[in-house]
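The structure file start.cif is reproduced below (mmCIF, C-alpha atoms).
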data_work
loop_
_atom_site.label_atom_id
_atom_site.label_comp_id
_atom_site.auth_asym_id
_atom_site.auth_seq_id
_atom_site.Cartn_x
_atom_site.Cartn_y
_atom_site.Cartn_z
CA MET L 23 0.00 0.00 0.00
CA ARG L 24 1.04 3.59 -0.65
CA ARG L 25 2.69 5.78 1.99
CA VAL L 26 0.76 8.78 3.33
CA VAL L 27 2.22 12.02 4.66
CA VAL L 28 0.96 15.22 6.27
CA THR L 29 1.86 18.32 4.26
CA GLY L 30 -0.31 21.05 5.77
CA ILE L 31 -2.03 21.94 9.04
CA GLY L 32 -4.46 24.58 10.26
CA ALA L 33 -5.86 25.18 13.73
CA LEU L 34 -8.38 27.40 15.51
CA THR L 35 -8.39 26.54 19.20
CA PRO L 36 -8.99 28.00 22.66
CA ILE L 37 -5.21 28.54 23.00
CA GLY L 38 -4.39 29.79 19.53
CA ASN L 39 -6.11 30.91 16.33
CA THR L 40 -3.46 29.53 13.97
CA ALA L 41 -1.45 26.32 13.94
CA GLU L 42 1.69 28.26 14.82
CA GLU L 43 0.10 30.04 17.77
CA TYR L 44 -1.54 26.82 18.97
CA SER L 45 1.77 24.93 18.77
CA LYS L 46 3.61 27.63 20.75
CA ASN L 47 1.01 27.75 23.50
CA LEU L 48 0.87 23.96 23.75
CA LEU L 49 4.55 23.82 24.65
CA GLU L 50 4.19 26.79 27.00
CA GLY L 51 1.39 25.06 28.90
CA LYS L 52 -1.24 27.76 28.43
CA SER L 53 -4.79 27.21 29.67
CA GLY L 54 -7.70 28.19 27.43
CA ALA L 55 -10.41 27.98 30.09
CA ALA L 56 -12.26 31.08 31.32
CA GLY L 57 -15.75 32.34 32.06
CA ILE L 58 -18.22 31.99 29.19
CA THR L 59 -18.65 35.21 27.22
CA ARG L 60 -21.14 34.11 24.56
CA PHE L 61 -24.19 34.01 26.83
CA ASP L 62 -25.11 34.49 30.47
CA ALA L 63 -24.08 31.23 32.10
CA SER L 64 -24.52 32.39 35.69
CA LEU L 65 -27.49 30.11 36.32
CA PHE L 66 -25.68 26.98 35.13
CA LYS L 67 -23.76 24.66 37.46
CA THR L 68 -20.78 25.22 35.16
CA ASN L 69 -20.27 28.76 33.88
CA PHE L 70 -16.91 28.48 32.12
CA ALA L 71 -15.53 26.80 29.00
CA CYS L 72 -12.62 26.86 26.57
CA GLU L 73 -13.91 29.32 23.99
CA VAL L 74 -12.14 30.48 20.85
CA LYS L 75 -10.88 33.99 21.57
CA ASN L 76 -10.45 37.20 19.53
CA PHE L 77 -12.04 35.56 16.50
CA ASN L 78 -14.06 37.58 14.00
CA VAL L 79 -15.38 35.37 11.24
CA GLU L 80 -15.72 38.33 8.87
CA ASP L 81 -11.93 38.59 8.82
CA PHE L 82 -12.01 35.32 6.88
CA ILE L 83 -15.45 34.88 5.30
CA HIS L 84 -17.74 37.49 3.72
CA ARG L 85 -20.59 38.43 6.05
CA ARG L 86 -23.27 37.15 3.68
CA GLU L 87 -21.65 33.73 3.41
CA ALA L 88 -20.85 33.55 7.12
CA ARG L 89 -24.53 34.11 8.00
CA ARG L 90 -25.37 30.99 6.01
CA MET L 91 -22.99 28.84 8.06
CA ASP L 92 -23.20 27.56 11.61
CA PRO L 93 -20.03 28.36 13.60
CA PHE L 94 -18.82 24.77 13.24
CA SER L 95 -18.76 25.24 9.45
CA GLN L 96 -17.11 28.64 9.80
CA PHE L 97 -14.38 27.04 11.90
CA ALA L 98 -13.99 24.29 9.27
CA MET L 99 -13.50 26.81 6.47
CA VAL L 100 -10.96 28.88 8.40
CA VAL L 101 -8.75 25.95 9.39
CA SER L 102 -8.98 24.35 5.94
CA ASP L 103 -7.87 27.63 4.36
CA GLU L 104 -4.87 27.77 6.68
CA ALA L 105 -3.96 24.13 6.04
CA MET L 106 -4.21 24.56 2.27
CA ALA L 107 -1.99 27.65 2.38
CA ASN L 108 0.44 25.83 4.66
CA SER L 109 0.59 22.88 2.25
CA GLY L 110 1.34 25.00 -0.81
CA ILE L 111 -1.09 22.98 -2.92
CA ASP L 112 -2.35 24.73 -6.07
CA PRO L 113 -5.76 23.20 -6.92
CA GLU L 114 -5.15 24.00 -10.60
CA LYS L 115 -2.13 21.71 -10.64
CA ILE L 116 -3.62 18.54 -9.13
CA ASN L 117 -6.22 16.01 -10.31
CA LEU L 118 -9.34 17.32 -8.59
CA ASP L 119 -11.17 14.03 -9.17
CA ARG L 120 -8.64 12.41 -6.85
CA ALA L 121 -8.80 15.13 -4.19
CA GLY L 122 -11.40 14.81 -1.45
CA VAL L 123 -12.62 15.97 1.94
CA ILE L 124 -13.58 13.90 4.98
CA TRP L 125 -14.59 15.98 7.98
CA GLY L 126 -15.49 15.05 11.53
CA SER L 127 -18.08 16.64 13.81
CA GLY L 128 -19.82 14.98 16.71
CA ILE L 129 -22.85 17.29 16.66
CA GLY L 130 -22.78 19.65 13.69
CA GLY L 131 -24.81 22.85 13.81
CA PHE L 132 -25.61 22.91 17.52
CA GLU L 133 -26.00 26.68 17.75
CA THR L 134 -28.29 26.70 14.70
CA ILE L 135 -30.46 23.92 16.11
CA GLU L 136 -30.78 25.69 19.44
CA ALA L 137 -31.31 29.24 18.18
CA ASP L 138 -33.52 28.71 15.14
CA ILE L 139 -35.82 26.13 16.66
CA THR L 140 -36.22 28.15 19.87
CA GLU L 141 -36.98 31.32 17.90
CA ALA L 142 -39.52 29.60 15.68
CA ALA L 143 -41.30 28.03 18.64
CA HIS L 144 -41.87 31.44 20.24
CA ARG L 145 -43.29 33.16 17.17
CA GLU L 146 -46.99 33.90 17.13
CA GLY L 147 -49.00 31.97 14.61
CA ALA L 148 -47.56 29.27 12.41
CA PRO L 149 -43.87 28.51 13.10
CA LYS L 150 -41.58 29.95 10.45
CA TYR L 151 -38.15 28.47 9.85
CA SER L 152 -35.16 29.84 7.99
CA PRO L 153 -34.51 28.30 4.54
CA PHE L 154 -30.92 27.88 5.76
CA LEU L 155 -31.89 25.93 8.89
CA ILE L 156 -31.22 22.49 7.42
CA PRO L 157 -28.11 23.37 5.38
CA LYS L 158 -26.62 25.06 8.45
CA LEU L 159 -27.24 22.28 10.95
CA ILE L 160 -26.41 19.07 9.05
CA ALA L 161 -23.00 17.74 10.03
CA ASP L 162 -22.00 16.88 6.46
CA ILE L 163 -22.29 20.47 5.24
CA ALA L 164 -18.76 21.40 6.35
CA PRO L 165 -16.95 19.14 3.85
CA GLY L 166 -19.46 20.31 1.26
CA HIS L 167 -18.43 23.92 1.77
CA ILE L 168 -14.73 22.99 1.69
CA SER L 169 -15.01 20.99 -1.51
CA ILE L 170 -16.97 23.74 -3.25
CA LYS L 171 -14.30 26.30 -2.40
CA TYR L 172 -11.40 24.22 -3.70
CA GLY L 173 -13.17 22.24 -6.42
CA PHE L 174 -12.27 18.90 -4.84
CA ARG L 175 -14.50 16.40 -6.64
CA GLY L 176 -13.32 13.21 -4.95
CA ILE L 177 -14.49 11.41 -1.81
CA ASN L 178 -16.59 13.70 0.38
CA TYR L 179 -18.47 12.94 3.59
CA THR L 180 -18.56 13.43 7.37
CA THR L 181 -17.60 11.05 10.15
CA VAL L 182 -19.84 11.29 13.21
CA SER L 183 -18.62 9.24 16.17
CA ALA L 184 -18.84 11.67 19.07
CA CYS L 185 -15.39 12.55 20.40
CA ALA L 186 -13.68 10.13 18.01
CA SER L 187 -15.12 11.84 14.92
CA SER L 188 -12.08 13.70 13.61
CA THR L 189 -9.67 10.85 14.31
CA HIS L 190 -12.01 8.68 12.28
CA SER L 191 -11.92 11.31 9.52
CA ILE L 192 -8.11 11.21 9.42
CA SER L 193 -8.17 7.41 9.49
CA ALA L 194 -10.64 7.18 6.62
CA ALA L 195 -8.73 9.71 4.52
CA PHE L 196 -5.51 7.79 5.20
CA ASP L 197 -7.09 4.56 3.97
CA TYR L 198 -8.42 6.08 0.75
CA ILE L 199 -4.98 7.38 -0.16
CA ARG L 200 -3.07 4.22 0.66
CA TRP L 201 -5.69 2.16 -1.21
CA ASN L 202 -5.03 4.34 -4.29
CA ARG L 203 -8.51 5.86 -4.35
CA ALA L 204 -7.27 9.42 -3.78
CA ASP L 205 -4.04 11.41 -3.90
CA VAL L 206 -4.87 14.38 -1.66
CA MET L 207 -7.36 14.70 1.19
CA ILE L 208 -8.43 17.49 3.51
CA CYS L 209 -9.40 15.94 6.84
CA GLY L 210 -9.95 17.03 10.42
CA GLY L 211 -12.90 18.30 12.40
CA SER L 212 -14.72 21.20 13.99
CA GLU L 213 -17.18 21.70 16.82
CA ALA L 214 -19.11 24.67 18.20
CA ALA L 215 -21.03 23.35 21.19
CA VAL L 216 -20.41 26.11 23.75
CA THR L 217 -24.11 27.03 23.81
CA LYS L 218 -26.76 27.03 26.51
CA ALA L 219 -27.91 23.57 25.46
CA GLY L 220 -24.34 22.31 25.21
CA ILE L 221 -23.37 23.47 28.69
CA GLY L 222 -26.73 22.49 30.13
CA GLY L 223 -26.80 19.06 28.55
CA PHE L 224 -23.30 18.00 29.51
CA SER L 225 -23.75 19.53 32.95
CA SER L 226 -26.91 17.53 33.59
CA MET L 227 -24.90 14.38 32.82
CA LYS L 228 -22.43 15.46 35.53
CA ALA L 229 -19.72 15.31 32.86
CA LEU L 230 -18.40 18.88 33.29
CA SER L 231 -16.06 20.29 35.89
CA GLN L 232 -17.78 22.69 38.30
CA ARG L 233 -14.60 24.48 39.38
CA ASN L 234 -16.18 27.88 38.73
CA ASP L 235 -13.87 29.65 41.16
CA ASP L 236 -10.76 28.72 39.14
CA PRO L 237 -11.58 27.86 35.51
CA ALA L 238 -7.98 28.00 34.28
CA THR L 239 -7.06 24.99 36.43
CA ALA L 240 -10.34 23.09 36.04
CA SER L 241 -9.17 20.57 33.44
CA ARG L 242 -7.02 18.26 35.57
CA PRO L 243 -6.35 14.94 33.85
CA PHE L 244 -4.89 12.33 36.22
CA ASP L 245 -5.17 14.64 39.23
CA ALA L 246 -6.77 13.32 42.42
CA GLU L 247 -9.28 16.20 42.42
CA ARG L 248 -10.39 16.05 38.78
CA ASP L 249 -14.15 16.52 38.58
CA GLY L 250 -15.02 16.42 34.88
CA PHE L 251 -14.03 17.86 31.54
CA VAL L 252 -14.09 21.45 30.31
CA LEU L 253 -16.09 22.01 27.12
CA GLY L 254 -14.06 23.45 24.23
CA GLU L 255 -14.67 24.62 20.69
CA GLY L 256 -12.76 25.18 17.46
CA GLY L 257 -11.27 22.96 14.82
CA ALA L 258 -8.22 21.71 12.97
CA ALA L 259 -7.42 20.53 9.45
CA LEU L 260 -4.70 18.29 8.03
CA ILE L 261 -3.72 18.04 4.38
CA ILE L 262 -2.56 14.51 3.73
CA GLU L 263 -1.06 13.18 0.50
CA GLU L 264 0.44 10.15 -1.11
CA LEU L 265 4.19 10.39 -0.57
CA GLU L 266 5.32 10.53 -4.21
CA HIS L 267 2.58 13.05 -5.02
CA ALA L 268 3.91 15.27 -2.24
CA LYS L 269 7.55 14.81 -3.28
CA LYS L 270 6.81 15.60 -6.91
CA ARG L 271 5.51 19.05 -6.04
CA GLY L 272 8.28 19.71 -3.49
CA ALA L 273 6.02 19.70 -0.44
CA ASN L 274 7.27 20.28 3.08
CA ILE L 275 6.48 16.99 4.82
CA LEU L 276 5.48 17.41 8.47
CA ALA L 277 4.94 13.77 9.45
CA GLU L 278 4.02 10.35 8.08
CA ILE L 279 0.84 8.53 9.12
CA VAL L 280 1.70 4.86 9.48
CA GLY L 281 -1.15 3.11 11.27
CA ILE L 282 -4.75 3.37 12.44
CA GLY L 283 -7.12 1.42 14.67
CA MET L 284 -10.89 1.56 15.16
CA THR L 285 -12.91 -0.46 17.69
CA ALA L 286 -15.94 -0.31 19.99
CA ASP L 287 -16.18 -0.89 23.74
CA ALA L 288 -19.62 -2.52 23.36
CA HIS L 289 -20.10 -1.69 27.03
CA HIS L 290 -22.02 1.52 27.90
CA ILE L 291 -23.38 4.60 26.14
CA THR L 292 -21.14 7.05 28.04
CA ALA L 293 -18.80 5.20 30.39
CA PRO L 294 -15.62 3.46 29.17
CA HIS L 295 -15.00 -0.19 29.85
CA PRO L 296 -13.48 -0.16 33.36
CA GLU L 297 -10.47 -2.24 32.31
CA GLY L 298 -9.96 -0.29 29.09
CA ARG L 299 -10.88 -3.23 26.86
CA GLY L 300 -11.72 -1.10 23.82
CA ALA L 301 -8.69 1.11 24.33
CA ILE L 302 -6.46 -1.97 24.47
CA SER L 303 -7.87 -3.41 21.27
CA VAL L 304 -7.69 -0.15 19.31
CA MET L 305 -4.04 0.46 20.19
CA LYS L 306 -3.19 -3.16 19.34
CA LEU L 307 -4.80 -2.77 15.92
CA ALA L 308 -3.00 0.51 15.23
CA LEU L 309 0.38 -0.96 16.20
CA ALA L 310 -0.21 -4.01 13.99
CA ASP L 311 -1.34 -1.80 11.12
CA ALA L 312 1.83 0.28 11.46
CA GLY L 313 4.04 -2.79 11.74
CA LEU L 314 5.48 -1.45 14.99
CA ASN L 315 6.27 -3.00 18.34
CA PRO L 316 5.12 -1.27 21.53
CA ASP L 317 8.70 -0.42 22.47
CA GLN L 318 9.02 1.76 19.36
CA ILE L 319 6.51 4.33 20.62
CA ASP L 320 7.86 7.49 22.26
CA TYR L 321 4.78 9.54 23.12
CA ILE L 322 1.05 8.97 23.59
CA ASN L 323 -1.33 11.91 23.37
CA VAL L 324 -4.08 10.35 25.42
CA HIS L 325 -7.81 10.99 25.34
CA GLY L 326 -7.40 12.09 28.97
CA THR L 327 -10.57 14.10 29.50
CA SER L 328 -10.18 14.74 33.26
CA THR L 329 -13.08 12.48 34.21
CA PRO L 330 -12.87 10.10 37.17
CA LEU L 331 -13.45 6.89 35.17
CA GLY L 332 -11.99 7.66 31.75
CA ASP L 333 -8.48 8.59 32.85
CA ILE L 334 -8.15 5.39 34.88
CA ALA L 335 -9.42 3.10 32.10
CA GLU L 336 -7.04 4.56 29.50
CA THR L 337 -4.05 4.26 31.83
CA LYS L 338 -4.88 0.61 32.50
CA ALA L 339 -4.95 0.04 28.73
CA ILE L 340 -1.55 1.67 28.26
CA LYS L 341 0.02 -0.51 30.93
CA ALA L 342 -1.58 -3.63 29.42
CA ILE L 343 -0.25 -2.87 25.93
CA PHE L 344 3.16 -1.41 26.67
CA GLU L 345 4.07 -3.36 29.81
CA ASP L 346 7.57 -2.33 31.00
CA HIS L 347 7.99 0.11 28.09
CA ALA L 348 5.12 2.15 29.57
CA TYR L 349 7.69 3.59 31.98
CA SER L 350 9.84 4.85 29.09
CA LEU L 351 6.97 6.63 27.38
CA ASN L 352 5.86 10.21 27.70
CA ILE L 353 2.11 10.48 28.19
CA SER L 354 0.18 13.74 28.14
CA SER L 355 -3.33 15.09 27.84
CA THR L 356 -3.44 18.37 25.95
CA LYS L 357 -7.12 18.66 26.93
CA SER L 358 -5.72 20.07 30.16
CA MET L 359 -5.04 23.20 28.05
CA THR L 360 -7.64 23.18 25.27
CA GLY L 361 -10.55 21.60 27.04
CA HIS L 362 -12.52 18.93 25.19
CA LEU L 363 -13.39 19.89 21.61
CA LEU L 364 -15.65 16.84 21.21
CA GLY L 365 -15.67 15.88 17.52
CA ALA L 366 -12.71 18.17 16.80
CA ALA L 367 -10.54 16.77 19.62
CA GLY L 368 -8.76 14.16 17.52
CA ALA L 369 -7.73 16.68 14.87
CA ILE L 370 -6.19 19.23 17.23
CA GLU L 371 -4.50 16.40 19.14
CA ALA L 372 -3.07 14.91 15.95
CA ILE L 373 -1.46 18.31 15.41
CA ALA L 374 -0.13 18.15 18.98
CA GLY L 375 1.55 14.89 17.97
CA ILE L 376 3.03 16.57 14.89
CA VAL L 377 4.34 19.35 17.15
CA ALA L 378 6.06 16.74 19.33
CA LEU L 379 7.69 15.13 16.27
CA ASN L 380 8.93 18.39 14.81
CA GLU L 381 9.95 20.18 18.01
CA GLN L 382 11.30 17.05 19.74
CA ALA L 383 9.35 18.07 22.81
CA ILE L 384 6.29 16.74 24.62
CA PRO L 385 3.38 19.11 25.36
CA PRO L 386 2.53 18.94 29.07
CA THR L 387 -0.45 17.82 31.10
CA ILE L 388 -0.99 21.04 33.04
CA ASN L 389 -2.97 21.59 36.26
CA HIS L 390 -1.49 18.70 38.22
CA PHE L 391 -1.59 19.44 41.93
CA ASN L 392 -2.35 16.19 43.77
CA ASP L 393 -1.24 12.64 42.99
CA ASP L 394 -4.01 10.07 42.66
CA PRO L 395 -3.08 6.64 44.08
CA ALA L 396 -5.12 5.10 41.25
CA PHE L 397 -2.24 5.93 38.86
CA ASP L 398 1.17 4.29 38.83
CA PRO L 399 3.60 6.99 40.04
CA LYS L 400 6.33 5.60 37.77
CA LEU L 401 4.40 6.60 34.64
CA ASN L 402 5.53 9.87 33.06
CA PHE L 403 2.42 12.01 32.53
CA THR L 404 4.55 15.06 31.58
CA PHE L 405 3.02 17.05 34.39
CA ASN L 406 2.96 20.85 34.26
CA GLU L 407 5.93 21.49 31.97
CA ALA L 408 6.91 20.41 28.45
CA GLN L 409 9.76 17.91 28.27
CA SER L 410 12.43 17.68 25.58
CA ARG L 411 13.22 14.20 24.32
CA LYS L 412 13.86 12.22 21.16
CA VAL L 413 10.50 11.66 19.48
CA ASP L 414 10.25 9.42 16.43
CA VAL L 415 6.80 7.83 16.80
CA VAL L 416 3.62 9.15 18.44
CA VAL L 417 0.22 7.64 19.20
CA SER L 418 -2.97 9.71 19.43
CA ASN L 419 -6.05 8.20 21.11
CA THR L 420 -9.64 9.44 20.98
CA PHE L 421 -12.67 7.74 22.51
CA GLY L 422 -16.30 8.77 22.13
CA PHE L 423 -19.68 8.38 23.80
CA GLY L 424 -21.22 5.21 22.45
CA GLY L 425 -17.96 3.33 22.97
CA HIS L 426 -16.23 4.52 19.78
CA ASN L 427 -12.43 4.21 19.84
CA SER L 428 -9.96 5.50 17.27
CA THR L 429 -6.15 5.62 17.28
CA ILE L 430 -3.64 6.96 14.77
CA ILE L 431 0.13 6.51 14.76
CA MET L 432 2.49 9.02 13.16
CA LYS L 433 6.24 8.98 12.54
CA LYS L 434 8.83 11.64 12.04
CA PHE L 435 9.46 11.71 8.29
CA VAL L 436 13.02 10.96 7.24
#
Using structure tokens, write down the structure from this file.
Amino acid sequence: MRRVVVTGIGALTPIGNTAEEYSKNLLEGKSGAAGITRFDASLFKTNFACEVKNFNVEDFIHRREARRMDPFSQFAMVVSDEAMANSGIDPEKINLDRAGVIWGSGIGGFETIEADITEAAHREGAPKYSPFLIPKLIADIAPGHISIKYGFRGINYTTVSACASSTHSISAAFDYIRWNRADVMICGGSEAAVTKAGIGGFSSMKALSQRNDDPATASRPFDAERDGFVLGEGGAALIIEELEHAKKRGANILAEIVGIGMTADAHHITAPHPEGRGAISVMKLALADAGLNPDQIDYINVHGTSTPLGDIAETKAIKAIFEDHAYSLNISSTKSMTGHLLGAAGAIEAIAGIVALNEQAIPPTINHFNDDPAFDPKLNFTFNEAQSRKVDVVVSNTFGFGGHNSTIIMKKFV
């Protein structure tokens, strides 16, 4: 099968509005959590989130077009534009029938669903809905917008698997290229769920941290006092290509994707298997797909949401797979900085892995204050500060409600 490389990235996150800014703040350990500004959240049990900051969509998209897009599609367009520019691809010089888009979003147009349906329900007389309601809310509209802009006529659809959505999008795009069904793919994900319904819904599940007095330290993966995740928003895009296609046009290669895994817990709609059964199987599949042994992995960007059950289950899986080599690994959860971007989490965390490969440094797990006896103290969770080390191979895990598990493995390109 053909080799697949990453040649462009774009990011819009709670800790940076470009891939460069995001990468810098990852290594500096910056927190993106603060009080919610988009609406009055004072009556909610959780009144903070990891919002995108200092972002004006009209700096990127004409006002008329932006009004016809839910924020999750706006985010998708902005990060895809950055990734395309970063890649140096000229759409006029590639075969557009072999260029496609696969995009991940766990929810799609959440703000549109909430706002338009609420507004219509309160109108007097017959409810009246916007003609853009459906095109704005459907999750598959984002790759539609992207393909229209760039004329990509190849494979085009959306992966929807909760928090694993954008890792599934990268995995699917990877397969199509190595199977010789495409040469270039735009993949990644976006999410815009910091809304009243988003905060209220996750809060009612008792999934969110309630550390309202100190939002910046609320996302605490592996800490004894972790009390839930912090909701985030934004997106990230990767341009991936067949290796010879990239070489022929003189592309700057950022990393090589070498293996993927996809499994299900088949256990519970929201809770992980307590022994990490699905996480074990998905990492095993990815390692086998990559043709790598566990002792060849240097860094794992874990799902690590800062929930009481999830962090423990994933750590058990790592110890089961990597055995003694687990103590030589660096492990970190960048959700401690960005919060949980739901369907976009896998895409921004894949970029975190690319940062580790290119900077030879591990982004930290910030906000660690108290050791939890549930975790082996000999494991290196990269607490609080980035660590320099030789990084040749990274693993990125994402797990979603419904028991969806997805893993990708990337190597430093040489």
**Prompt:** Hey, which of L:Phe251, L:Trp201, L:Trp125, L:Phe224 ends up closest to Arg25 (chain L)? Count all atoms listed in the file.
**Reply:**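 Closest to Arg25 (chain L) of all the choices is L:Trp201.
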**Message:** Please determine, counting all atoms listed in the file, which residue among L:Lys228, L:Arg242, L:Arg175, L:His289 has the shortest atom-to-atom distance to Ile208 (chain L).
**Reply:**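 Answer, going by the shortest atom-to-atom distance: L:Arg175.
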**Message:** Under the rule that all atoms listed in the file are counted, which of L:Ala378, L:Ala293, L:Met99, L:Ile83 is the nearest residue to Ala335 (chain L)?
**Reply:**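 Residue with the minimum atom-to-atom distance to Ala335 (chain L): L:Ala293.
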**Fill in**
Students should find that CA of Tyr179 (chain L) and CA of Val123 (chain L) are spaced 6.8 Å
Would you tabulate, counting all atoms listed in the file, all residues of region 316-365 of chain L that have an atom at most 9 Å from an atom of region 409-417 of chain L, showing the closest pair of atoms and their distance in Å to one decimal, sorted by chain then ascending number, as a tab-separated table?
residue	atom	partner	partner_atom	distance
L:Gln318	CA	L:Val415	CA	7.0
L:Ile319	CA	L:Val415	CA	5.2
L:Asp320	CA	L:Val415	CA	5.6
L:Tyr321	CA	L:Val416	CA	4.8
L:Ile322	CA	L:Val417	CA	4.7
L:Asn323	CA	L:Val417	CA	6.2
L:Val324	CA	L:Val417	CA	8.0
L:Asn352	CA	L:Gln409	CA	8.7
**Message:** Could you tell me, as a ChimeraX atom specification, exactly which residues end up selected when the PyMOL selection byres ((chain L and resi 188) around 12) is applied to this structure?
**Reply:** /L:98,123-129,179-187,189-195,208-213,257-260,363-373,418-422,426-430
Which residues, written as a PDB file with C-alpha atoms, in the coordinates of the input, have at least one atom at most 8 Å from Gly51 (chain L), with only C-alpha atoms counted and residues fewer than 2 positions away on the same chain left out?
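Full text of around_39.pdb as output:
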ATOM      1  CA  ASN L  47       1.010  27.750  23.500  1.00  0.00           C
ATOM      2  CA  LEU L  48       0.870  23.960  23.750  1.00  0.00           C
ATOM      3  CA  LEU L  49       4.550  23.820  24.650  1.00  0.00           C
ATOM      4  CA  SER L  53      -4.790  27.210  29.670  1.00  0.00           C
ATOM      5  CA  MET L 359      -5.040  23.200  28.050  1.00  0.00           C
ATOM      6  CA  PRO L 385       3.380  19.110  25.360  1.00  0.00           C
ATOM      7  CA  PRO L 386       2.530  18.940  29.070  1.00  0.00           C
ATOM      8  CA  THR L 387      -0.450  17.820  31.100  1.00  0.00           C
ATOM      9  CA  ILE L 388      -0.990  21.040  33.040  1.00  0.00           C
ATOM     10  CA  ASN L 406       2.960  20.850  34.260  1.00  0.00           C
ATOM     11  CA  GLU L 407       5.930  21.490  31.970  1.00  0.00           C
ATOM     12  CA  ALA L 408       6.910  20.410  28.450  1.00  0.00           C
TER      13      ALA L 408
END
**Complete:** note - CA of Arg90 (chain L) and CA of Gly30 (chain L) are separated by 27.0 Å
